[in-house]
$ cat data.cif   # mmCIF, C-alpha atoms
data_target
loop_
_atom_site.group_PDB
_atom_site.id
_atom_site.type_symbol
_atom_site.label_atom_id
_atom_site.label_comp_id
_atom_site.auth_asym_id
_atom_site.auth_seq_id
_atom_site.Cartn_x
_atom_site.Cartn_y
_atom_site.Cartn_z
ATOM 1 C CA MET D 176 339.388 -15.476 158.845
ATOM 2 C CA SER D 177 342.202 -13.730 160.752
ATOM 3 C CA ALA D 178 343.418 -15.039 164.098
ATOM 4 C CA GLN D 179 341.901 -12.053 165.916
ATOM 5 C CA ALA D 180 338.566 -12.448 164.113
ATOM 6 C CA ARG D 181 338.530 -16.144 165.009
ATOM 7 C CA ALA D 182 339.103 -15.358 168.692
ATOM 8 C CA ASP D 183 336.414 -12.643 168.595
ATOM 9 C CA ALA D 184 333.920 -15.033 166.982
ATOM 10 C CA TYR D 185 334.672 -17.708 169.589
ATOM 11 C CA LEU D 186 334.214 -15.289 172.511
ATOM 12 C CA GLY D 187 331.086 -13.918 170.827
ATOM 13 C CA GLU D 188 329.590 -17.414 170.784
ATOM 14 C CA ILE D 189 330.292 -17.769 174.502
ATOM 15 C CA ALA D 190 328.878 -14.276 175.217
ATOM 16 C CA ALA D 191 325.634 -15.162 173.429
ATOM 17 C CA ARG D 192 325.177 -18.145 175.755
ATOM 18 C CA LEU D 193 325.893 -16.359 179.046
ATOM 19 C CA HIS D 194 322.825 -15.174 180.963
ATOM 20 C CA GLY D 195 322.980 -13.113 184.134
ATOM 21 C CA PRO D 196 324.016 -9.724 185.480
ATOM 22 C CA ARG D 197 325.664 -7.653 182.742
ATOM 23 C CA ARG D 198 328.739 -6.589 184.746
ATOM 24 C CA ARG D 199 329.417 -10.150 185.857
ATOM 25 C CA ARG D 200 329.200 -11.403 182.263
ATOM 26 C CA ALA D 201 331.553 -8.644 181.111
ATOM 27 C CA ARG D 202 334.122 -9.626 183.754
ATOM 28 C CA ILE D 203 333.925 -13.301 182.784
ATOM 29 C CA LEU D 204 334.419 -12.457 179.106
ATOM 30 C CA ALA D 205 337.325 -10.101 179.847
ATOM 31 C CA GLU D 206 338.987 -12.860 181.853
ATOM 32 C CA LEU D 207 338.414 -15.454 179.143
ATOM 33 C CA ARG D 208 339.761 -13.090 176.484
ATOM 34 C CA ASP D 209 342.927 -12.513 178.490
ATOM 35 C CA GLY D 210 343.373 -16.263 178.981
ATOM 36 C CA LEU D 211 342.760 -17.008 175.306
ATOM 37 C CA ASP D 212 345.165 -14.256 174.195
ATOM 38 C CA GLN D 213 347.810 -15.583 176.571
ATOM 39 C CA ALA D 214 347.290 -19.169 175.368
ATOM 40 C CA THR D 215 347.623 -17.966 171.764
ATOM 41 C CA ALA D 216 350.753 -15.929 172.551
ATOM 42 C CA ASP D 217 352.348 -18.960 174.239
ATOM 43 C CA ARG D 218 351.752 -21.044 171.106
ATOM 44 C CA ILE D 219 353.139 -18.341 168.812
ATOM 45 C CA THR D 220 356.225 -18.156 171.023
ATOM 46 C CA ALA D 221 356.523 -21.936 170.681
ATOM 47 C CA GLY D 222 356.677 -21.513 166.895
ATOM 48 C CA LEU D 223 353.108 -21.975 165.644
ATOM 49 C CA PRO D 224 351.745 -19.619 162.940
ATOM 50 C CA ASP D 225 349.198 -17.087 164.270
ATOM 51 C CA GLU D 226 346.129 -18.844 162.911
ATOM 52 C CA ASP D 227 347.183 -22.316 164.072
ATOM 53 C CA ALA D 228 348.020 -20.830 167.461
ATOM 54 C CA VAL D 229 344.544 -19.387 167.969
ATOM 55 C CA ILE D 230 342.866 -22.560 166.666
ATOM 56 C CA THR D 231 344.753 -24.798 169.100
ATOM 57 C CA ALA D 232 344.209 -22.309 171.947
ATOM 58 C CA ILE D 233 340.456 -22.353 171.265
ATOM 59 C CA GLY D 234 340.564 -26.149 171.144
ATOM 60 C CA ARG D 235 342.267 -26.138 174.531
ATOM 61 C CA PHE D 236 339.582 -23.843 176.007
ATOM 62 C CA GLY D 237 336.687 -26.021 174.837
ATOM 63 C CA ALA D 238 333.328 -25.696 173.092
ATOM 64 C CA PRO D 239 331.478 -22.379 173.676
ATOM 65 C CA ALA D 240 328.393 -24.218 174.996
ATOM 66 C CA ALA D 241 330.478 -26.141 177.545
ATOM 67 C CA ILE D 242 332.233 -22.977 178.723
ATOM 68 C CA ALA D 243 328.926 -21.099 179.062
ATOM 69 C CA ASP D 244 327.353 -24.038 180.941
ATOM 70 C CA ALA D 245 330.262 -24.020 183.377
ATOM 71 C CA PHE D 246 329.475 -20.409 184.333
ATOM 72 C CA ALA D 247 325.671 -20.860 184.480
ATOM 73 C CA ASP D 248 325.449 -21.598 188.216
ATOM 74 C CA GLU D 249 327.751 -18.729 189.115
ATOM 75 C CA LEU D 250 325.723 -16.287 187.025
ATOM 76 C CA THR D 251 322.425 -17.568 188.425
ATOM 77 C CA ILE D 252 323.658 -17.091 191.983
ATOM 78 C CA ALA D 253 324.903 -13.576 191.110
ATOM 79 C CA TYR D 254 321.460 -12.795 189.672
ATOM 80 C CA ALA D 255 319.723 -14.125 192.803
ATOM 81 C CA ARG D 256 321.928 -12.034 195.090
ATOM 82 C CA GLN D 257 321.363 -8.947 192.946
ATOM 83 C CA VAL D 258 317.560 -9.348 193.031
ATOM 84 C CA LEU D 259 317.501 -10.044 196.779
ATOM 85 C CA THR D 260 319.656 -6.952 197.362
ATOM 86 C CA TRP D 261 317.106 -4.945 195.384
ATOM 87 C CA PHE D 262 314.296 -6.241 197.613
ATOM 88 C CA VAL D 263 316.257 -5.388 200.765
ATOM 89 C CA VAL D 264 317.006 -1.866 199.513
ATOM 90 C CA THR D 265 313.466 -1.131 198.310
ATOM 91 C CA GLY D 266 311.847 -2.657 201.405
ATOM 92 C CA PRO D 267 312.350 0.425 203.627
ATOM 93 C CA LEU D 268 311.599 2.779 200.703
ATOM 94 C CA VAL D 269 308.126 1.252 200.369
ATOM 95 C CA GLY D 270 307.632 0.320 204.019
ATOM 96 C CA VAL D 271 308.262 3.786 205.433
ATOM 97 C CA TRP D 272 305.068 5.126 203.782
ATOM 98 C CA TRP D 273 302.944 2.349 205.276
ATOM 99 C CA LEU D 274 304.577 2.940 208.637
ATOM 100 C CA LEU D 275 303.682 6.631 208.475
ATOM 101 C CA LEU D 276 300.159 5.777 207.327
ATOM 102 C CA LEU D 277 299.176 2.823 209.497
ATOM 103 C CA HIS D 278 301.348 3.059 212.618
ATOM 104 C CA PRO D 279 299.454 2.511 215.854
ATOM 105 C CA ALA D 280 298.872 5.569 217.979
ATOM 106 C CA PRO D 281 300.756 6.430 220.022
ATOM 107 C CA TRP D 282 304.075 5.483 218.303
ATOM 108 C CA ARG D 283 305.379 3.766 221.410
ATOM 109 C CA GLY D 284 302.974 0.853 220.884
ATOM 110 C CA SER D 285 304.111 -2.734 221.510
ATOM 111 C CA LEU D 286 305.176 -5.149 218.756
ATOM 112 C CA ALA D 287 301.729 -6.757 218.951
ATOM 113 C CA ALA D 288 300.141 -3.356 218.309
ATOM 114 C CA PHE D 289 302.419 -2.865 215.288
ATOM 115 C CA VAL D 290 301.537 -6.296 213.896
ATOM 116 C CA ALA D 291 297.826 -5.574 214.422
ATOM 117 C CA ALA D 292 298.142 -2.234 212.595
ATOM 118 C CA ILE D 293 300.486 -3.526 209.869
ATOM 119 C CA PRO D 294 299.576 -7.228 209.506
ATOM 120 C CA VAL D 295 302.247 -7.997 206.911
ATOM 121 C CA ILE D 296 305.135 -7.607 209.382
ATOM 122 C CA PRO D 297 305.478 -11.431 209.833
ATOM 123 C CA LEU D 298 305.670 -11.834 206.026
ATOM 124 C CA VAL D 299 308.363 -9.158 205.838
ATOM 125 C CA ALA D 300 310.279 -10.926 208.605
ATOM 126 C CA ALA D 301 310.007 -14.257 206.749
ATOM 127 C CA GLY D 302 311.282 -12.639 203.524
ATOM 128 C CA LEU D 303 314.189 -11.058 205.368
ATOM 129 C CA ALA D 304 315.080 -14.383 206.989
ATOM 130 C CA ALA D 305 315.051 -16.167 203.611
ATOM 131 C CA THR D 306 317.244 -13.405 202.163
ATOM 132 C CA VAL D 307 319.774 -13.558 205.002
ATOM 133 C CA ILE D 308 319.983 -17.365 204.737
ATOM 134 C CA THR D 309 320.489 -17.172 200.957
ATOM 135 C CA PHE D 310 323.220 -14.545 201.293
ATOM 136 C CA ALA D 311 324.945 -16.618 203.959
ATOM 137 C CA THR D 312 324.827 -19.874 201.984
ATOM 138 C CA THR D 313 325.942 -18.361 198.674
ATOM 139 C CA GLY D 314 328.629 -15.992 199.991
ATOM 140 C CA ARG D 315 331.514 -15.858 202.420
ATOM 141 C CA MET D 316 329.807 -18.123 204.961
ATOM 142 C CA ILE D 317 330.006 -21.150 202.618
ATOM 143 C CA ARG D 318 333.278 -21.978 204.381
ATOM 144 C CA TRP D 319 331.202 -23.039 207.371
ATOM 145 C CA LEU D 320 327.623 -23.515 206.134
ATOM 146 C CA PRO D 321 326.223 -25.967 203.571
ATOM 147 C CA GLU D 322 326.520 -24.188 200.228
ATOM 148 C CA ALA D 323 323.305 -23.378 198.363
ATOM 149 C CA GLY D 324 323.341 -24.200 194.665
ATOM 150 C CA ALA D 325 321.809 -22.146 191.883
ATOM 151 C CA HIS D 326 318.458 -23.945 192.157
ATOM 152 C CA ARG D 327 318.077 -23.090 195.838
ATOM 153 C CA ALA D 328 319.119 -19.482 195.237
ATOM 154 C CA VAL D 329 316.471 -19.123 192.518
ATOM 155 C CA ALA D 330 313.869 -20.815 194.737
ATOM 156 C CA ALA D 331 314.674 -18.225 197.428
ATOM 157 C CA VAL D 332 314.207 -15.407 194.907
ATOM 158 C CA ILE D 333 310.808 -16.783 193.874
ATOM 159 C CA SER D 334 309.763 -17.198 197.526
ATOM 160 C CA VAL D 335 310.853 -13.697 198.534
ATOM 161 C CA ALA D 336 309.225 -12.131 195.467
ATOM 162 C CA GLY D 337 306.037 -14.072 196.288
ATOM 163 C CA LEU D 338 306.095 -12.818 199.888
ATOM 164 C CA VAL D 339 306.622 -9.252 198.634
ATOM 165 C CA ILE D 340 303.628 -9.542 196.282
ATOM 166 C CA VAL D 341 301.365 -10.973 199.005
ATOM 167 C CA SER D 342 302.563 -8.327 201.499
ATOM 168 C CA ASP D 343 302.047 -5.392 199.157
ATOM 169 C CA VAL D 344 298.659 -6.583 197.902
ATOM 170 C CA THR D 345 297.512 -7.265 201.480
ATOM 171 C CA ILE D 346 298.622 -3.894 202.833
ATOM 172 C CA VAL D 347 297.006 -2.038 199.932
ATOM 173 C CA GLY D 348 293.816 -4.045 200.564
ATOM 174 C CA VAL D 349 293.883 -3.195 204.276
ATOM 175 C CA TYR D 350 294.364 0.492 203.506
ATOM 176 C CA LEU D 351 291.678 0.698 200.824
ATOM 177 C CA GLY D 352 289.324 -1.408 202.947
ATOM 178 C CA SER D 353 289.652 1.031 205.836
ATOM 179 C CA HIS D 354 287.994 3.754 203.724
ATOM 180 C CA ALA D 355 290.538 6.221 205.073
ATOM 181 C CA PRO D 356 290.496 9.586 203.288
ATOM 182 C CA ALA D 357 292.948 9.839 200.401
ATOM 183 C CA THR D 358 296.124 11.615 201.467
ATOM 184 C CA PRO D 359 299.358 12.347 199.608
ATOM 185 C CA VAL D 360 301.152 9.788 201.814
ATOM 186 C CA GLY D 361 298.506 7.187 201.017
ATOM 187 C CA ILE D 362 298.809 7.798 197.276
ATOM 188 C CA VAL D 363 302.616 7.507 197.420
ATOM 189 C CA ALA D 364 302.360 4.313 199.505
ATOM 190 C CA VAL D 365 299.920 2.665 197.074
ATOM 191 C CA ALA D 366 302.012 3.747 194.061
ATOM 192 C CA ALA D 367 305.218 2.413 195.644
ATOM 193 C CA ALA D 368 303.569 -0.909 196.515
ATOM 194 C CA ALA D 369 302.028 -1.241 193.048
ATOM 195 C CA THR D 370 305.394 -0.572 191.398
ATOM 196 C CA ARG D 371 307.077 -3.185 193.552
ATOM 197 C CA VAL D 372 304.325 -5.724 192.834
ATOM 198 C CA GLY D 373 304.882 -5.185 189.109
ATOM 199 C CA VAL D 374 308.644 -5.653 189.398
ATOM 200 C CA SER D 375 308.177 -8.678 191.667
ATOM 201 C CA LEU D 376 305.877 -10.326 189.120
ATOM 202 C CA ILE D 377 308.534 -9.853 186.430
ATOM 203 C CA VAL D 378 311.123 -11.373 188.801
ATOM 204 C CA VAL D 379 308.886 -14.398 189.465
ATOM 205 C CA VAL D 380 308.295 -14.981 185.751
ATOM 206 C CA ARG D 381 311.999 -14.671 184.881
ATOM 207 C CA ALA D 382 313.209 -16.751 187.823
ATOM 208 C CA THR D 383 310.640 -19.474 187.147
ATOM 209 C CA GLY D 384 311.721 -19.505 183.502
ATOM 210 C CA SER D 385 315.401 -19.824 184.415
ATOM 211 C CA GLN D 386 314.584 -22.655 186.812
ATOM 212 C CA ARG D 387 312.668 -24.517 184.102
ATOM 213 C CA GLY D 388 315.431 -23.847 181.581
ATOM 214 C CA SER D 389 318.117 -25.322 183.787
ATOM 215 C CA GLY D 390 315.973 -28.143 185.145
ATOM 216 C CA MET L 14 350.305 -42.859 182.078
ATOM 217 C CA LEU L 15 346.822 -43.896 183.198
ATOM 218 C CA PRO L 16 344.074 -41.376 182.288
ATOM 219 C CA MET L 17 343.001 -39.138 185.191
ATOM 220 C CA ARG L 18 339.209 -39.010 185.457
ATOM 221 C CA PRO L 19 337.905 -35.515 186.407
ATOM 222 C CA GLU L 20 335.654 -36.943 189.132
ATOM 223 C CA LEU L 21 338.768 -38.135 190.986
ATOM 224 C CA LEU L 22 339.545 -34.474 191.642
ATOM 225 C CA LYS L 23 336.196 -33.847 193.293
ATOM 226 C CA GLY L 24 336.821 -32.465 196.757
ATOM 227 C CA HIS L 25 340.481 -31.714 196.057
ATOM 228 C CA LEU L 26 340.209 -28.967 193.461
ATOM 229 C CA ASP L 27 339.953 -26.196 196.080
ATOM 230 C CA ALA L 28 343.150 -27.385 197.751
ATOM 231 C CA LEU L 29 344.984 -27.637 194.418
ATOM 232 C CA LEU L 30 343.998 -24.108 193.408
ATOM 233 C CA LEU L 31 344.962 -22.699 196.804
ATOM 234 C CA ALA L 32 348.325 -24.487 196.597
ATOM 235 C CA VAL L 33 349.035 -23.099 193.123
ATOM 236 C CA LEU L 34 348.334 -19.568 194.390
ATOM 237 C CA GLU L 35 350.416 -19.967 197.544
ATOM 238 C CA PRO L 36 353.717 -18.690 196.053
ATOM 239 C CA GLY L 37 352.061 -15.529 194.698
ATOM 240 C CA ALA L 38 349.325 -13.968 192.584
ATOM 241 C CA GLN L 39 348.471 -15.598 189.248
ATOM 242 C CA HIS L 40 345.870 -15.055 186.543
ATOM 243 C CA GLY L 41 343.381 -17.782 185.594
ATOM 244 C CA TYR L 42 345.173 -19.174 182.573
ATOM 245 C CA ALA L 43 348.479 -19.244 184.494
ATOM 246 C CA VAL L 44 346.715 -21.264 187.214
ATOM 247 C CA ILE L 45 345.584 -23.821 184.611
ATOM 248 C CA GLU L 46 349.118 -24.070 183.223
ATOM 249 C CA ALA L 47 350.656 -24.309 186.696
ATOM 250 C CA LEU L 48 348.348 -27.220 187.544
ATOM 251 C CA ARG L 49 349.293 -28.957 184.315
ATOM 252 C CA SER L 50 353.033 -28.395 184.533
ATOM 253 C CA GLY L 51 353.175 -28.978 188.300
ATOM 254 C CA SER L 52 351.536 -32.389 187.873
ATOM 255 C CA GLY L 53 353.657 -33.420 184.898
ATOM 256 C CA GLY L 54 350.624 -33.052 182.625
ATOM 257 C CA THR L 55 348.344 -35.288 184.704
ATOM 258 C CA LEU L 56 346.078 -32.466 185.912
ATOM 259 C CA ASP L 57 345.135 -30.956 182.563
ATOM 260 C CA LEU L 58 341.914 -29.287 183.668
ATOM 261 C CA PRO L 59 339.479 -27.607 181.286
ATOM 262 C CA THR L 60 338.911 -23.856 181.384
ATOM 263 C CA GLY L 61 335.294 -24.416 182.342
ATOM 264 C CA THR L 62 336.394 -26.142 185.527
ATOM 265 C CA VAL L 63 339.113 -23.802 186.747
ATOM 266 C CA TYR L 64 337.642 -20.309 186.255
ATOM 267 C CA PRO L 65 334.296 -21.018 188.014
ATOM 268 C CA ALA L 66 336.186 -22.768 190.832
ATOM 269 C CA LEU L 67 338.402 -19.684 191.284
ATOM 270 C CA HIS L 68 335.325 -17.456 191.376
ATOM 271 C CA ARG L 69 333.725 -19.703 193.978
ATOM 272 C CA LEU L 70 336.850 -19.560 196.153
ATOM 273 C CA GLU L 71 336.737 -15.778 195.899
ATOM 274 C CA ARG L 72 333.078 -15.790 196.961
ATOM 275 C CA ALA L 73 334.089 -17.868 199.969
ATOM 276 C CA GLY L 74 336.761 -15.300 200.861
ATOM 277 C CA LEU L 75 339.659 -17.761 200.473
ATOM 278 C CA ILE L 76 341.187 -15.853 197.558
ATOM 279 C CA ALA L 77 340.854 -12.268 196.315
ATOM 280 C CA SER L 78 341.449 -10.759 192.905
ATOM 281 C CA ASP L 79 342.720 -7.511 191.405
ATOM 282 C CA TRP L 80 342.287 -6.249 187.870
ATOM 283 C CA HIS L 81 345.162 -4.583 186.096
ATOM 284 C CA THR L 82 346.189 -3.858 182.537
ATOM 285 C CA VAL L 83 348.933 -5.906 180.864
ATOM 286 C CA GLY L 84 349.880 -5.158 177.254
ATOM 287 C CA GLY L 85 346.580 -3.336 176.727
ATOM 288 C CA ARG L 86 344.556 -6.281 178.061
ATOM 289 C CA ARG L 87 342.543 -6.338 181.275
ATOM 290 C CA ARG L 88 343.915 -9.093 183.485
ATOM 291 C CA ARG L 89 342.530 -10.506 186.707
ATOM 292 C CA ALA L 90 345.103 -11.865 189.134
ATOM 293 C CA TYR L 91 344.173 -13.978 192.139
ATOM 294 C CA HIS L 92 345.973 -14.185 195.464
ATOM 295 C CA LEU L 93 345.397 -16.030 198.720
ATOM 296 C CA THR L 94 343.723 -14.236 201.632
ATOM 297 C CA PRO L 95 344.724 -15.008 205.240
ATOM 298 C CA ALA L 96 341.676 -17.303 205.405
ATOM 299 C CA GLY L 97 342.932 -19.018 202.230
ATOM 300 C CA HIS L 98 346.350 -19.659 203.772
ATOM 301 C CA GLN L 99 344.647 -21.177 206.800
ATOM 302 C CA ALA L 100 342.309 -23.297 204.646
ATOM 303 C CA LEU L 101 345.285 -24.576 202.619
ATOM 304 C CA GLY L 102 346.996 -25.711 205.827
ATOM 305 C CA GLU L 103 343.845 -27.571 206.841
ATOM 306 C CA HIS L 104 343.517 -29.152 203.380
ATOM 307 C CA ARG L 105 347.144 -30.334 203.558
ATOM 308 C CA ALA L 106 346.662 -31.927 206.982
ATOM 309 C CA LEU L 107 343.481 -33.676 205.806
ATOM 310 C CA TRP L 108 345.163 -34.847 202.603
ATOM 311 C CA ASP L 109 348.131 -36.313 204.517
ATOM 312 C CA GLN L 110 345.736 -38.253 206.711
ATOM 313 C CA PHE L 111 343.499 -39.326 203.836
ATOM 314 C CA SER L 112 346.283 -40.334 201.429
ATOM 315 C CA ALA L 113 348.123 -42.307 204.126
ATOM 316 C CA ALA L 114 344.922 -44.180 204.976
ATOM 317 C CA VAL L 115 344.082 -44.951 201.335
ATOM 318 C CA ALA L 116 347.675 -45.988 200.586
ATOM 319 C CA ALA L 117 347.683 -48.331 203.574
ATOM 320 C CA VAL L 118 344.473 -50.045 202.479
ATOM 321 C CA LEU L 119 345.482 -50.278 198.805
ATOM 322 C CA SER L 120 348.880 -51.677 199.674
ATOM 323 C CA GLY L 121 347.324 -54.346 201.895
ATOM 324 C CA ARG L 122 349.303 -53.165 204.953
ATOM 325 C CA PRO L 123 346.712 -51.652 207.312
ATOM 326 C CA ARG L 124 347.961 -48.845 209.615
ATOM 327 C CA PRO L 125 347.324 -49.008 213.335
ATOM 328 C CA ALA L 126 344.112 -47.236 214.335
ATOM 329 C CA SER L 127 344.610 -43.684 215.612
ATOM 330 C CA THR L 128 342.832 -42.638 218.816
#

$ encode --input "data.cif" --output "structure tokens"
Amino acid sequence: MSAQARADAYLGEIAARLHGPRRRRARILAELRDGLDQATADRITAGLPDEDAVITAIGRFGAPAAIADAFADELTIAYARQVLTWFVVTGPLVGVWWLLLLHPAPWRGSLAAFVAAIPVIPLVAAGLAATVITFATTGRMIRWLPEAGAHRAVAAVISVAGLVIVSDVTIVGVYLGSHAPATPVGIVAVAAAATRVGVSLIVVVRATGSQRGSG
Amino acid sequence: MLPMRPELLKGHLDALLLAVLEPGAQHGYAVIEALRSGSGGTLDLPTGTVYPALHRLERAGLIASDWHTVGGRRRRAYHLTPAGHQALGEHRALWDQFSAAVAAVLSGRPRPAST
């Protein structure tokens, strides 16, 4: 096996063990490849034959499983932040239809009137709070706040996805239970909520699986 | 030389990485080599320790990174941010205090209590 093929096989073994957002994995592998190539070049400069150089460089880097394990927490946190960002972005896209459909009349109603008309508002607020806390304790704020590990980040994802499912199922139930006439806005709102429930269920299953796998 | 157990570094790795990056930007493997050569071979840290620690420091905003191409390879170089420079200063002050206290106790010559 050539030196290059040996390095490719080694990085391929690491790549197969990395799980998380695709772009993040690609950046990690690009960085490892550069480091491995540099380590090999240093050894060739020091007088080792190409193949011995790559073998000793790989030995210096460590076993593929150990390298992949070392990046597991980082990738899990990146996944959690990506999923929570998706929930934050899709929240208004789904919520706006329910707001148009169920808002109290007139629009200038108090917060209590809004909560009475759209009873899932406290759940949405709880999900947003959990998201903000997770972003703060896994990002720049870790200089001042207690840092959340991968397990806590995944637990936050499961909690937020659970809140989203309960919220969407509840609001659809409220709407259908009101026997309001079917309108285009109502159909779009139900479709948007159903889509998000489906995605949220997939998130819960995957996140629960990753938590069990790393537990 | 006595073997250096990795757990002894716990709590000091951030400071060591920030110190290595203080003179200027370096890529991950160069950071590993700088730690090793700067410590006379004592701090020979594994790849799986250094790269994730660099990424964590970047997440905390203490270092930043840029990608560029060197010899056809994509390379990521890290540099200190203003917050990183400040954090390094704080780490140094804490280390001076901590190491003086530990040295005093280990040597059997207790230092006078500071107020």

$ resolve_selection --input "data.cif" --expression "the PyMOL selection byres ((chain L) within 9 of (chain D))" --output "PyMOL selection string"
chain L and resi 40-43+59-62+64-65+68-69+71-75+86-89

$ closest_residue --input "data.cif" --among "D:Leu274, D:Val374, D:Ala288, D:Val341" --to "D:Val360" --atoms "all atoms listed in the file"
D:Leu274

$ resolve_selection --input "data.cif" --expression "the PyMOL selection byres ((chain D and resi 183-187) around 9)" --output "VMD selection string"
chain D and resid 178 to 182 188 to 192 204 207 to 208 233 238 to 239

$ resolve_selection --input "data.cif" --expression "the PyMOL selection byres ((chain D and resi 300) around 12)" --output "PyMOL selection string"
chain D and resi 263+266+290+294-299+301-307+335+338-339+342

$ atom_distance --input "data.cif" --atom1 "atom CA of D:Val344" --atom2 "atom CA of D:Gln257"
23.4 Å

$ build_atoms --input "data.cif" --residues "stretch 81-87 of chain L" --atoms "all heavy atoms" --output "PDB file, in the frame of the given file"
ATOM      1  N   HIS L  81     344.203  -5.558 186.581  1.00  0.00           N
ATOM      2  CA  HIS L  81     345.162  -4.583 186.096  1.00  0.00           C
ATOM      3  C   HIS L  81     345.322  -4.763 184.592  1.00  0.00           C
ATOM      4  O   HIS L  81     344.783  -5.698 184.015  1.00  0.00           O
ATOM      5  CB  HIS L  81     346.492  -4.641 186.848  1.00  0.00           C
ATOM      6  CG  HIS L  81     346.986  -6.021 187.133  1.00  0.00           C
ATOM      7  ND1 HIS L  81     348.247  -6.298 187.526  1.00  0.00           N
ATOM      8  CD2 HIS L  81     346.391  -7.227 187.082  1.00  0.00           C
ATOM      9  CE1 HIS L  81     348.385  -7.587 187.702  1.00  0.00           C
ATOM     10  NE2 HIS L  81     347.276  -8.164 187.448  1.00  0.00           N
ATOM     11  N   THR L  82     346.039  -3.823 183.993  1.00  0.00           N
ATOM     12  CA  THR L  82     346.189  -3.858 182.537  1.00  0.00           C
ATOM     13  C   THR L  82     347.591  -4.324 182.183  1.00  0.00           C
ATOM     14  O   THR L  82     348.575  -3.801 182.691  1.00  0.00           O
ATOM     15  CB  THR L  82     345.920  -2.470 181.938  1.00  0.00           C
ATOM     16  OG1 THR L  82     344.629  -2.043 182.381  1.00  0.00           O
ATOM     17  CG2 THR L  82     345.929  -2.494 180.425  1.00  0.00           C
ATOM     18  N   VAL L  83     347.643  -5.358 181.311  1.00  0.00           N
ATOM     19  CA  VAL L  83     348.933  -5.906 180.864  1.00  0.00           C
ATOM     20  C   VAL L  83     348.911  -5.928 179.338  1.00  0.00           C
ATOM     21  O   VAL L  83     348.076  -6.612 178.744  1.00  0.00           O
ATOM     22  CB  VAL L  83     349.150  -7.330 181.413  1.00  0.00           C
ATOM     23  CG1 VAL L  83     350.468  -7.909 180.907  1.00  0.00           C
ATOM     24  CG2 VAL L  83     349.125  -7.341 182.922  1.00  0.00           C
ATOM     25  N   GLY L  84     349.817  -5.181 178.724  1.00  0.00           N
ATOM     26  CA  GLY L  84     349.880  -5.158 177.254  1.00  0.00           C
ATOM     27  C   GLY L  84     348.567  -4.746 176.621  1.00  0.00           C
ATOM     28  O   GLY L  84     348.182  -5.298 175.589  1.00  0.00           O
ATOM     29  N   GLY L  85     347.853  -3.820 177.260  1.00  0.00           N
ATOM     30  CA  GLY L  85     346.580  -3.336 176.727  1.00  0.00           C
ATOM     31  C   GLY L  85     345.396  -4.234 177.038  1.00  0.00           C
ATOM     32  O   GLY L  85     344.274  -3.924 176.665  1.00  0.00           O
ATOM     33  N   ARG L  86     345.661  -5.362 177.714  1.00  0.00           N
ATOM     34  CA  ARG L  86     344.556  -6.281 178.061  1.00  0.00           C
ATOM     35  C   ARG L  86     344.233  -6.157 179.539  1.00  0.00           C
ATOM     36  O   ARG L  86     345.126  -5.955 180.356  1.00  0.00           O
ATOM     37  CB  ARG L  86     344.970  -7.737 177.810  1.00  0.00           C
ATOM     38  CG  ARG L  86     345.107  -8.138 176.401  1.00  0.00           C
ATOM     39  CD  ARG L  86     345.042  -9.661 176.272  1.00  0.00           C
ATOM     40  NE  ARG L  86     345.999 -10.370 177.097  1.00  0.00           N
ATOM     41  CZ  ARG L  86     347.155 -10.852 176.641  1.00  0.00           C
ATOM     42  NH1 ARG L  86     347.490 -10.684 175.393  1.00  0.00           N
ATOM     43  NH2 ARG L  86     347.970 -11.514 177.432  1.00  0.00           N
ATOM     44  N   ARG L  87     342.931  -6.295 179.863  1.00  0.00           N
ATOM     45  CA  ARG L  87     342.543  -6.338 181.275  1.00  0.00           C
ATOM     46  C   ARG L  87     342.839  -7.734 181.803  1.00  0.00           C
ATOM     47  O   ARG L  87     342.469  -8.739 181.191  1.00  0.00           O
ATOM     48  CB  ARG L  87     341.058  -6.026 181.426  1.00  0.00           C
ATOM     49  CG  ARG L  87     340.749  -4.556 181.209  1.00  0.00           C
ATOM     50  CD  ARG L  87     339.287  -4.311 181.412  1.00  0.00           C
ATOM     51  NE  ARG L  87     338.935  -4.401 182.827  1.00  0.00           N
ATOM     52  CZ  ARG L  87     337.789  -4.890 183.284  1.00  0.00           C
ATOM     53  NH1 ARG L  87     336.896  -5.342 182.454  1.00  0.00           N
ATOM     54  NH2 ARG L  87     337.548  -4.917 184.567  1.00  0.00           N
TER      55      ARG L  87
END
